[in-house]
Every structure is written in structure tokens, then in C-alpha cells.
$ cat my_file_22.pdb   # PDB, C-alpha atoms
ATOM      1  CA  MET A 270     -23.263  -1.007  15.832
ATOM      2  CA  LEU A 271     -21.894  -4.067  14.086
ATOM      3  CA  GLU A 272     -20.200  -6.768  16.131
ATOM      4  CA  VAL A 273     -16.520  -6.792  15.300
ATOM      5  CA  ASP A 274     -13.301  -8.000  16.890
ATOM      6  CA  GLY A 275     -11.530  -5.076  18.466
ATOM      7  CA  GLY A 276     -14.719  -3.091  19.011
ATOM      8  CA  ILE A 277     -14.336   0.649  19.253
ATOM      9  CA  VAL A 278     -10.598   0.483  18.499
ATOM     10  CA  PHE A 279     -11.356  -1.007  15.100
ATOM     11  CA  TRP A 280     -13.801   1.777  14.281
ATOM     12  CA  ILE A 281     -11.374   4.508  15.316
ATOM     13  CA  LEU A 282      -8.536   2.930  13.323
ATOM     14  CA  SER A 283     -10.644   2.404  10.237
ATOM     15  CA  PHE A 284     -11.951   5.972  10.402
ATOM     16  CA  VAL A 285      -8.382   7.308  10.544
ATOM     17  CA  ILE A 286      -7.294   4.960   7.732
ATOM     18  CA  LEU A 287     -10.102   6.018   5.417
ATOM     19  CA  VAL A 288      -9.822   9.754   6.129
ATOM     20  CA  SER A 289      -6.036   9.816   5.713
ATOM     21  CA  GLY A 290      -6.270   7.547   2.663
ATOM     22  CA  PHE A 291      -8.694   9.967   1.070
ATOM     23  CA  MET A 292      -6.346  12.816   1.947
ATOM     24  CA  VAL A 293      -3.539  10.975   0.143
ATOM     25  CA  VAL A 294      -5.482  10.982  -3.107
ATOM     26  CA  SER A 295      -7.153  14.380  -2.813
ATOM     27  CA  LEU A 296      -4.813  16.962  -1.256
ATOM     28  CA  LYS A 297      -3.315  19.547  -3.578
ATOM     29  CA  ASN A 298       0.195  19.622  -2.129
ATOM     30  CA  VAL A 299       2.119  16.396  -2.749
ATOM     31  CA  PHE A 300       4.161  16.873   0.407
ATOM     32  CA  HIS A 301       0.986  16.882   2.531
ATOM     33  CA  CYS A 302      -0.107  13.755   0.686
ATOM     34  CA  ALA A 303       3.111  12.028   1.757
ATOM     35  CA  LEU A 304       2.472  13.000   5.403
ATOM     36  CA  ALA A 305      -1.100  11.675   5.185
ATOM     37  CA  LEU A 306       0.318   8.459   3.722
ATOM     38  CA  VAL A 307       2.576   8.094   6.774
ATOM     39  CA  LEU A 308      -0.463   8.417   9.068
ATOM     40  CA  CYS A 309      -2.436   5.921   6.988
ATOM     41  CA  LEU A 310       0.343   3.299   6.975
ATOM     42  CA  PHE A 311       0.873   3.747  10.708
ATOM     43  CA  THR A 312      -2.796   3.094  11.477
ATOM     44  CA  VAL A 313      -2.751   0.051   9.194
ATOM     45  CA  ALA A 314       0.034  -1.248  11.456
ATOM     46  CA  GLY A 315      -2.349  -0.749  14.387
ATOM     47  CA  LEU A 316      -4.939  -2.791  12.515
ATOM     48  CA  TYR A 317      -2.394  -5.610  12.118
ATOM     49  CA  ILE A 318      -1.943  -5.672  15.884
ATOM     50  CA  LEU A 319      -5.727  -6.024  16.256
ATOM     51  CA  LEU A 320      -5.518  -8.978  13.867
ATOM     52  CA  ASP A 321      -2.786 -10.724  15.933
ATOM     53  CA  ALA A 322      -0.009 -10.047  13.424
ATOM     54  CA  GLU A 323       2.555  -8.391  15.658
ATOM     55  CA  PHE A 324       5.598  -9.101  13.508
ATOM     56  CA  LEU A 325       3.861  -7.786  10.415
ATOM     57  CA  ALA A 326       2.911  -4.613  12.313
ATOM     58  CA  ALA A 327       6.539  -4.051  13.302
ATOM     59  CA  ALA A 328       7.698  -4.754   9.745
ATOM     60  CA  GLN A 329       5.071  -2.351   8.434
ATOM     61  CA  VAL A 330       6.309   0.451  10.681
ATOM     62  CA  LEU A 331       9.959  -0.264   9.850
ATOM     63  CA  ILE A 332       9.640  -0.747   6.100
ATOM     64  CA  TYR A 333       6.725   1.476   5.127
ATOM     65  CA  VAL A 334       6.800   4.323   7.649
ATOM     66  CA  GLY A 335      10.559   4.192   8.062
ATOM     67  CA  ALA A 336      11.774   3.547   4.543
ATOM     68  CA  VAL A 337       9.204   3.845   1.778
ATOM     69  CA  ALA A 338       7.560   7.012   3.103
ATOM     70  CA  ILE A 339      10.930   8.698   3.612
ATOM     71  CA  LEU A 340      11.895   7.674   0.090
ATOM     72  CA  LEU A 341       8.674   9.194  -1.250
ATOM     73  CA  ILE A 342       9.270  12.431   0.680
ATOM     74  CA  PHE A 343      12.813  12.572  -0.696
ATOM     75  CA  ALA A 344      11.474  12.122  -4.207
ATOM     76  CA  VAL A 345       8.875  14.844  -3.662
ATOM     77  CA  MET A 346      11.522  17.262  -2.448
ATOM     78  CA  LEU A 347      13.912  16.367  -5.272
ATOM     79  CA  THR A 348      11.395  16.804  -8.049
ATOM     80  CA  SER A 349       8.467  19.119  -7.427
ATOM     81  CA  LYS A 350       8.825  22.742  -6.593
ATOM     82  CA  LEU A 351       6.814  23.183  -3.427
ATOM     83  CA  ALA A 352       5.937  26.697  -4.518
ATOM     84  CA  ASP A 353       3.623  25.470  -7.241
ATOM     85  CA  LYS A 354       1.280  23.813  -4.800
ATOM     86  CA  ARG A 355      -1.750  25.631  -6.149
ATOM     87  CA  ILE A 356      -1.745  23.556  -9.323
ATOM     88  CA  THR A 357      -4.644  21.141  -9.287
ATOM     89  CA  GLN A 358      -3.403  17.612  -8.841
ATOM     90  CA  SER A 359      -6.199  15.632 -10.418
ATOM     91  CA  ASN A 360      -6.908  15.389 -14.102
ATOM     92  CA  GLU A 361     -10.163  15.892 -15.958
ATOM     93  CA  GLN A 362     -11.325  12.335 -15.309
ATOM     94  CA  ALA A 363     -11.731  12.982 -11.585
ATOM     95  CA  LEU A 364     -15.526  12.910 -11.499
ATOM     96  CA  VAL A 365     -15.884   9.820 -13.701
ATOM     97  CA  GLY A 366     -13.110   8.116 -11.750
ATOM     98  CA  PHE A 367     -14.828   8.900  -8.485
ATOM     99  CA  PHE A 368     -18.067   7.312  -9.637
ATOM    100  CA  ILE A 369     -16.298   4.231 -10.983
ATOM    101  CA  CYS A 370     -14.438   3.754  -7.697
ATOM    102  CA  ALA A 371     -17.558   4.334  -5.586
ATOM    103  CA  LEU A 372     -19.357   1.766  -7.720
ATOM    104  CA  PHE A 373     -16.452  -0.663  -7.265
ATOM    105  CA  ALA A 374     -16.492  -0.205  -3.483
ATOM    106  CA  VAL A 375     -20.256  -0.722  -3.229
ATOM    107  CA  ALA A 376     -20.146  -3.792  -5.487
ATOM    108  CA  ALA A 377     -17.253  -5.290  -3.492
ATOM    109  CA  TYR A 378     -19.102  -4.693  -0.228
ATOM    110  CA  LEU A 379     -22.315  -6.276  -1.512
ATOM    111  CA  LEU A 380     -20.387  -9.316  -2.781
ATOM    112  CA  ILE A 381     -18.591  -9.688   0.549
ATOM    113  CA  LYS A 382     -21.752  -9.259   2.559
ATOM    114  CA  PHE A 383     -24.382 -11.195   0.659
ATOM    115  CA  ASN A 384     -22.858 -13.389  -2.018
ATOM    116  CA  THR A 385     -20.198 -15.301  -0.123
ATOM    117  CA  ILE A 386     -20.432 -17.736   2.726
ATOM    118  CA  TRP A 387     -17.392 -17.330   4.955
ATOM    119  CA  TYR A 388     -16.552 -20.237   7.184
ATOM    120  CA  PRO A 389     -13.412 -21.166   9.071
ATOM    121  CA  LEU A 390     -11.396 -23.898   7.364
ATOM    122  CA  ALA A 391      -9.425 -24.683  10.501
ATOM    123  CA  LYS A 392     -10.697 -25.113  14.011
ATOM    124  CA  SER A 393      -7.510 -24.146  15.774
ATOM    125  CA  ALA A 394      -6.684 -20.575  16.666
ATOM    126  CA  LEU A 395      -3.693 -18.648  15.404
ATOM    127  CA  PRO A 396      -0.326 -19.756  16.793
ATOM    128  CA  SER A 397       0.390 -17.591  19.804
ATOM    129  CA  ASP A 398       4.154 -17.357  19.221
ATOM    130  CA  ASN A 399       3.929 -15.191  16.139
ATOM    131  CA  ILE A 400       7.577 -14.418  15.473
ATOM    132  CA  LEU A 401       8.783 -17.964  16.211
ATOM    133  CA  THR A 402       6.318 -19.468  13.763
ATOM    134  CA  ILE A 403       7.173 -16.954  11.046
ATOM    135  CA  GLY A 404      10.875 -17.660  11.502
ATOM    136  CA  LYS A 405      10.288 -21.401  11.214
ATOM    137  CA  TYR A 406       8.242 -20.932   8.070
ATOM    138  CA  LEU A 407      10.873 -18.727   6.471
ATOM    139  CA  MET A 408      13.613 -21.267   7.156
ATOM    140  CA  THR A 409      11.702 -24.376   6.083
ATOM    141  CA  GLU A 410       8.649 -24.151   3.882
ATOM    142  CA  PHE A 411       9.268 -20.712   2.378
ATOM    143  CA  MET A 412      13.026 -21.056   1.991
ATOM    144  CA  LEU A 413      12.987 -20.666  -1.802
ATOM    145  CA  PRO A 414      10.775 -17.521  -1.917
ATOM    146  CA  PHE A 415      12.900 -16.053   0.859
ATOM    147  CA  GLU A 416      16.061 -16.460  -1.208
ATOM    148  CA  VAL A 417      14.391 -15.305  -4.410
ATOM    149  CA  VAL A 418      13.127 -12.141  -2.721
ATOM    150  CA  SER A 419      16.650 -11.347  -1.546
ATOM    151  CA  ILE A 420      17.865 -11.619  -5.142
ATOM    152  CA  LEU A 421      14.982  -9.327  -6.132
ATOM    153  CA  LEU A 422      16.090  -6.760  -3.547
ATOM    154  CA  VAL A 423      19.652  -6.790  -4.878
ATOM    155  CA  ALA A 424      18.320  -6.408  -8.401
ATOM    156  CA  ALA A 425      16.143  -3.455  -7.332
ATOM    157  CA  LEU A 426      19.112  -1.830  -5.583
ATOM    158  CA  ILE A 427      21.405  -2.147  -8.583
ATOM    159  CA  GLY A 428      18.620  -1.166 -10.954
ATOM    160  CA  ALA A 429      17.801   1.986  -9.012
ATOM    161  CA  ILE A 430      21.465   3.022  -8.940
ATOM    162  CA  ALA A 431      21.882   2.283 -12.645
ATOM    163  CA  LEU A 432      18.759   4.289 -13.484
ATOM    164  CA  ALA A 433      19.372   7.313 -11.298
ATOM    165  CA  ARG A 434      23.108   7.883 -11.803
ATOM    166  CA  THR A 435      24.234  10.681 -14.100
ATOM    167  CA  GLU A 436      26.199   9.821 -17.200
ATOM    168  CA  LYS A 437      29.645  11.357 -17.272
ATOM    169  CA  SER A 438      30.371  12.648 -20.729
TER
ATOM    170  CA  MET B 225     -14.457 -10.309   9.683
ATOM    171  CA  ILE B 226     -16.794  -8.553   7.262
ATOM    172  CA  PRO B 227     -15.954  -5.024   8.538
ATOM    173  CA  TYR B 228     -12.263  -5.740   7.940
ATOM    174  CA  LEU B 229     -12.942  -6.906   4.393
ATOM    175  CA  ALA B 230     -15.183  -3.900   3.747
ATOM    176  CA  LEU B 231     -12.478  -1.567   5.044
ATOM    177  CA  ALA B 232      -9.954  -3.196   2.697
ATOM    178  CA  ALA B 233     -12.361  -2.867  -0.230
ATOM    179  CA  ILE B 234     -12.928   0.839   0.429
ATOM    180  CA  LEU B 235      -9.199   1.470   0.873
ATOM    181  CA  PHE B 236      -8.530  -0.331  -2.416
ATOM    182  CA  SER B 237     -11.127   1.841  -4.156
ATOM    183  CA  ILE B 238      -9.510   4.986  -2.761
ATOM    184  CA  GLY B 239      -6.156   3.822  -4.117
ATOM    185  CA  LEU B 240      -7.740   3.017  -7.471
ATOM    186  CA  PHE B 241      -9.238   6.491  -7.578
ATOM    187  CA  GLY B 242      -5.806   7.967  -6.921
ATOM    188  CA  VAL B 243      -4.133   5.896  -9.621
ATOM    189  CA  MET B 244      -6.756   6.917 -12.161
ATOM    190  CA  THR B 245      -6.884  10.628 -11.377
ATOM    191  CA  ARG B 246      -3.546  11.867 -10.036
ATOM    192  CA  ARG B 247      -1.459  14.044 -12.304
ATOM    193  CA  ASN B 248       1.721  13.672 -10.329
ATOM    194  CA  THR B 249       3.700  10.461 -10.816
ATOM    195  CA  ILE B 250       4.705  10.350  -7.156
ATOM    196  CA  GLY B 251       1.024  10.681  -6.241
ATOM    197  CA  ILE B 252       0.294   7.640  -8.386
ATOM    198  CA  LEU B 253       3.008   5.680  -6.549
ATOM    199  CA  MET B 254       1.483   6.705  -3.178
ATOM    200  CA  SER B 255      -1.932   5.485  -4.311
ATOM    201  CA  LEU B 256      -0.320   2.191  -5.331
ATOM    202  CA  GLU B 257       0.976   1.813  -1.781
ATOM    203  CA  LEU B 258      -2.592   2.274  -0.514
ATOM    204  CA  MET B 259      -3.763  -0.552  -2.779
ATOM    205  CA  PHE B 260      -0.955  -2.841  -1.569
ATOM    206  CA  ASN B 261      -2.019  -2.152   2.002
ATOM    207  CA  ALA B 262      -5.643  -3.006   1.235
ATOM    208  CA  ALA B 263      -4.520  -6.354  -0.180
ATOM    209  CA  ASN B 264      -2.371  -6.955   2.901
ATOM    210  CA  ILE B 265      -5.296  -6.264   5.243
ATOM    211  CA  ASN B 266      -7.263  -8.904   3.343
ATOM    212  CA  PHE B 267      -4.461 -11.471   3.654
ATOM    213  CA  VAL B 268      -4.094 -10.958   7.399
ATOM    214  CA  THR B 269      -7.867 -11.003   7.949
ATOM    215  CA  PHE B 270      -8.253 -14.300   6.098
ATOM    216  CA  ASN B 271      -5.290 -15.661   8.021
ATOM    217  CA  LYS B 272      -7.040 -14.920  11.287
ATOM    218  CA  TYR B 273     -10.589 -15.911  10.479
ATOM    219  CA  VAL B 274     -10.511 -18.516   7.701
ATOM    220  CA  VAL B 275      -7.237 -20.507   7.658
ATOM    221  CA  SER B 276      -5.955 -19.908  11.144
ATOM    222  CA  ASP B 277      -3.869 -23.075  11.609
ATOM    223  CA  GLY B 278      -0.710 -21.441  10.329
ATOM    224  CA  LEU B 279       0.700 -18.073   9.422
ATOM    225  CA  VAL B 280       0.812 -18.461   5.652
ATOM    226  CA  GLY B 281      -1.246 -15.320   5.069
ATOM    227  CA  GLN B 282       1.097 -13.236   7.183
ATOM    228  CA  ILE B 283       4.132 -14.670   5.359
ATOM    229  CA  PHE B 284       2.492 -13.711   2.082
ATOM    230  CA  ALA B 285       1.826 -10.202   3.412
ATOM    231  CA  ILE B 286       5.484  -9.851   4.429
ATOM    232  CA  PHE B 287       6.586 -10.801   0.918
ATOM    233  CA  ILE B 288       4.143  -8.250  -0.495
ATOM    234  CA  VAL B 289       5.634  -5.553   1.749
ATOM    235  CA  VAL B 290       9.155  -6.408   0.568
ATOM    236  CA  ILE B 291       8.193  -6.456  -3.099
ATOM    237  CA  ALA B 292       6.288  -3.167  -2.700
ATOM    238  CA  ALA B 293       9.441  -1.615  -1.250
ATOM    239  CA  ALA B 294      11.490  -2.828  -4.231
ATOM    240  CA  GLU B 295       8.827  -1.479  -6.584
ATOM    241  CA  ALA B 296       8.867   1.910  -4.865
ATOM    242  CA  VAL B 297      12.667   2.112  -5.149
ATOM    243  CA  VAL B 298      12.739   1.367  -8.867
ATOM    244  CA  GLY B 299       9.672   3.532  -9.516
ATOM    245  CA  LEU B 300      11.180   6.551  -7.786
ATOM    246  CA  ALA B 301      14.458   6.079  -9.658
ATOM    247  CA  ILE B 302      12.464   6.177 -12.893
ATOM    248  CA  VAL B 303      10.636   9.296 -11.653
ATOM    249  CA  LEU B 304      13.956  11.042 -11.000
ATOM    250  CA  LEU B 305      15.157  10.074 -14.460
ATOM    251  CA  ILE B 306      11.971  11.444 -16.018
ATOM    252  CA  TYR B 307      12.342  14.662 -14.039
ATOM    253  CA  ARG B 308      15.887  15.062 -15.304
ATOM    254  CA  ASN B 309      14.904  14.553 -18.931
ATOM    255  CA  TRP B 310      11.561  16.364 -19.092
ATOM    256  CA  LYS B 311      11.823  18.908 -16.257
ATOM    257  CA  GLY B 312       8.531  17.786 -14.763
ATOM    258  CA  ILE B 313       6.867  14.664 -13.427
ATOM    259  CA  ASP B 314       3.256  15.244 -14.403
ATOM    260  CA  THR B 315       1.886  12.428 -16.480
ATOM    261  CA  ASP B 316       0.850  14.755 -19.299
ATOM    262  CA  HIS B 317       4.465  15.797 -19.785
ATOM    263  CA  PHE B 318       5.856  12.557 -21.116
ATOM    264  CA  THR B 319       3.888  11.668 -24.175
ATOM    265  CA  VAL B 320       6.725  10.696 -26.520
ATOM    266  CA  MET B 321       5.362   7.189 -26.956
ATOM    267  CA  LYS B 322       1.862   8.439 -27.720
ATOM    268  CA  TRP B 323       1.030   8.565 -31.412
TER
END

$ encode --input "my_file_22.pdb" --output "C-alpha cells"
Amino acid sequence: MLEVDGGIVFWILSFVILVSGFMVVSLKNVFHCALALVLCLFTVAGLYILLDAEFLAAAQVLIYVGAVAILLIFAVMLTSKLADKRITQSNEQALVGFFICALFAVAAYLLIKFNTIWYPLAKSALPSDNILTIGKYLMTEFMLPFEVVSILLVAALIGAIALARTEKS
Amino acid sequence: MIPYLALAAILFSIGLFGVMTRRNTIGILMSLELMFNAANINFVTFNKYVVSDGLVGQIFAIFIVVIAAAEAVVGLAIVLLIYRNWKGIDTDHFTVMKW
């Protein structure tokens, strides 16, 4: 078995991520797909903890599992009739698409493995006080993107309301 | 770090497969989330193993998460609008702009 940080935990997490990710794109019932997506995003949060990104793991659980997945489930329940779950969900390009994606994955792996020399640019390890460092970055170096992203969130909020409201005639 | 990058590559391919082949618009949005997560895994992996003297990769990943949330909100609002106008959200329903 390959040497990897995290050992057996990494292999278990990646197995769950890949299986649930494949369930997201292949199950026939969209509601089950949403549940598989929740599992997949949750295990990705576990992977972030393996990679020493504790704050990002917490944000992933809060934003993705807590907000985006619930939003998706709401949208599924508002739009599709769950009775028509027997309808096939993939179109006629499924086989061609599968081969293209398999080819892409193999090519990406070969490039990663054999065509690139990875070397650490910095000798020091990651800062141990994860949240403190992120907070300092957000208030100093990344101040402008932080403010811009808040404007983007307001714009998305207003845009979603403006799109989804019903016109009163 | 290579297993992490390989995992991200495979997850990205799965998301790409979903985007290309799903009929349901919400399914396409879910596959997009998978692709965002693959990119995020790459950012955090590089942050740990290549440029580890700061947390710039993690900051970038946090911004990606926020922007993906905004994208999901607007996308689902558009999906609801489409459902209201066309009574269905399969991609072969709305072909008004196809000539």
C-alpha cells in the first residue's frame, strides 16, 4: 500500500468520497442523490481535518452540509414529483461521457504521477494556530476580497429573491 | 501528497461526468458542487505540502466555498423560475433559445 499521510483513515475517507460521489451522479432518484451528496461533503470535511485545515472543515460542515445541501433538498422537493423516480436521469450521452471522464481521470493521474516534480517551496510547517492565522489574514492581507465577497453575498441574496418571487398582476 | 491529488482528480472527473450526463438541472448543480470540492481538496493539499509557510490556500478554499454557496442560491432560484414557467426542470424541456 502506498505511503500516505493519514494512513488507513485516508483510504477509508477516500473510498467513501468516491462511492458517494458516484452515487450522486448515478442514482435514479434525485432525493437520494442529495443524501449521497451530504455524505460526500461530510467526508470531504474529514479529509480537511487530515490535512490540518480545521477551520475549513468546520466551515465545510456548516456551509455545505448545513446550508447548501438543505437548499438543494428544498429545491428537489419543490420541483420534482418524487413519484416519477423511475425516469432515467442520464441522457443518451452517458456512455460517451463516461469514457471521456475516465480518460480525463487517467490522464490527470499520469500527469500528477510522472510528469511533475513536486517539491516543497517552504521549509516551515503549517502554522499550528489555524483559526488565529486565518483571522489575521482576513483582516490584513485579504481585507479587500473579504469585503468584496460580502457584497457578492448580498447581491446573490437580492438576486435570488428577485428571481424567485411571484409577480402580482 | 500524490494520493490526495489523485483523489481530487477522480472526484473532479465524477463531477464532470454528472454535469455532462444528468437530465435534471438540480442534478447538474449537485455535480458542480462535487467539482468545487475537488478543487478545494487540491488547494488544501498544496497548502500543506508545497507552500506551507502560510494559510493562503485555505483562505482561497474558504472563498471558493462562499462563492459556491452564492452560486447555488442563484442557480436554485433560476431552477424554481424555470419550473414555474415550463412545468419541469429537465434540460430537454427548455429549448426556446435553440434554433

$ closest_residue --input "my_file_22.pdb" --among "A:Val285, A:Met412, A:Ala322, A:Ala305" --to "Ala285 of chain B" --atoms "all atoms listed in the file"
A:Ala322

$ resolve_selection --input "my_file_22.pdb" --expression "the PyMOL selection byres ((chain B) within 6 of (chain A))" --output "list in words"
Ala230, Ala233, Ile234, Ser237, Phe241, Gly242, Thr245, Arg246, Arg247, Val274, Val275, Ser276, Asp277, Ala294, Val298, Ala301 and Leu305 of chain B

$ atom_distance --input "my_file_22.pdb" --atom1 "atom CA of Leu235 of chain B" --atom2 "atom CA of Asn261 of chain B"
8.1 Å

$ closest_residue --input "my_file_22.pdb" --among "B:Leu304, B:Ala296, B:Met321, B:Ile291" --to "Ile252 of chain B" --atoms "only C-alpha atoms"
B:Ala296

$ atom_distance --input "my_file_22.pdb" --atom1 "atom CA of Ile281 of chain A" --atom2 "atom CA of Asn271 of chain B"
22.3 Å

$ resolve_selection --input "my_file_22.pdb" --expression "the PyMOL selection byres ((chain B and resi 264) around 9)" --output "PyMOL selection string"
chain B and resi 232+259-263+265-269+281-282+284-286+288-289

$ atom_distance --input "my_file_22.pdb" --atom1 "atom CA of Gly312 of chain B" --atom2 "atom CA of Glu257 of chain B"
21.9 Å

$ closest_residue --input "my_file_22.pdb" --among "A:Leu282, A:His301, A:Ser289, A:Leu308" --to "Gly251 of chain B" --atoms "all atoms listed in the file"
A:His301

$ closest_residue --input "my_file_22.pdb" --among "B:Leu231, B:Gly278, B:Phe287, B:Ala293" --to "Met254 of chain B" --atoms "all atoms listed in the file"
B:Ala293

$ closest_residue --input "my_file_22.pdb" --among "B:Ile250, B:Leu229, B:Met244, B:Leu256" --to "Ile306 of chain B" --atoms "only C-alpha atoms"
B:Ile250
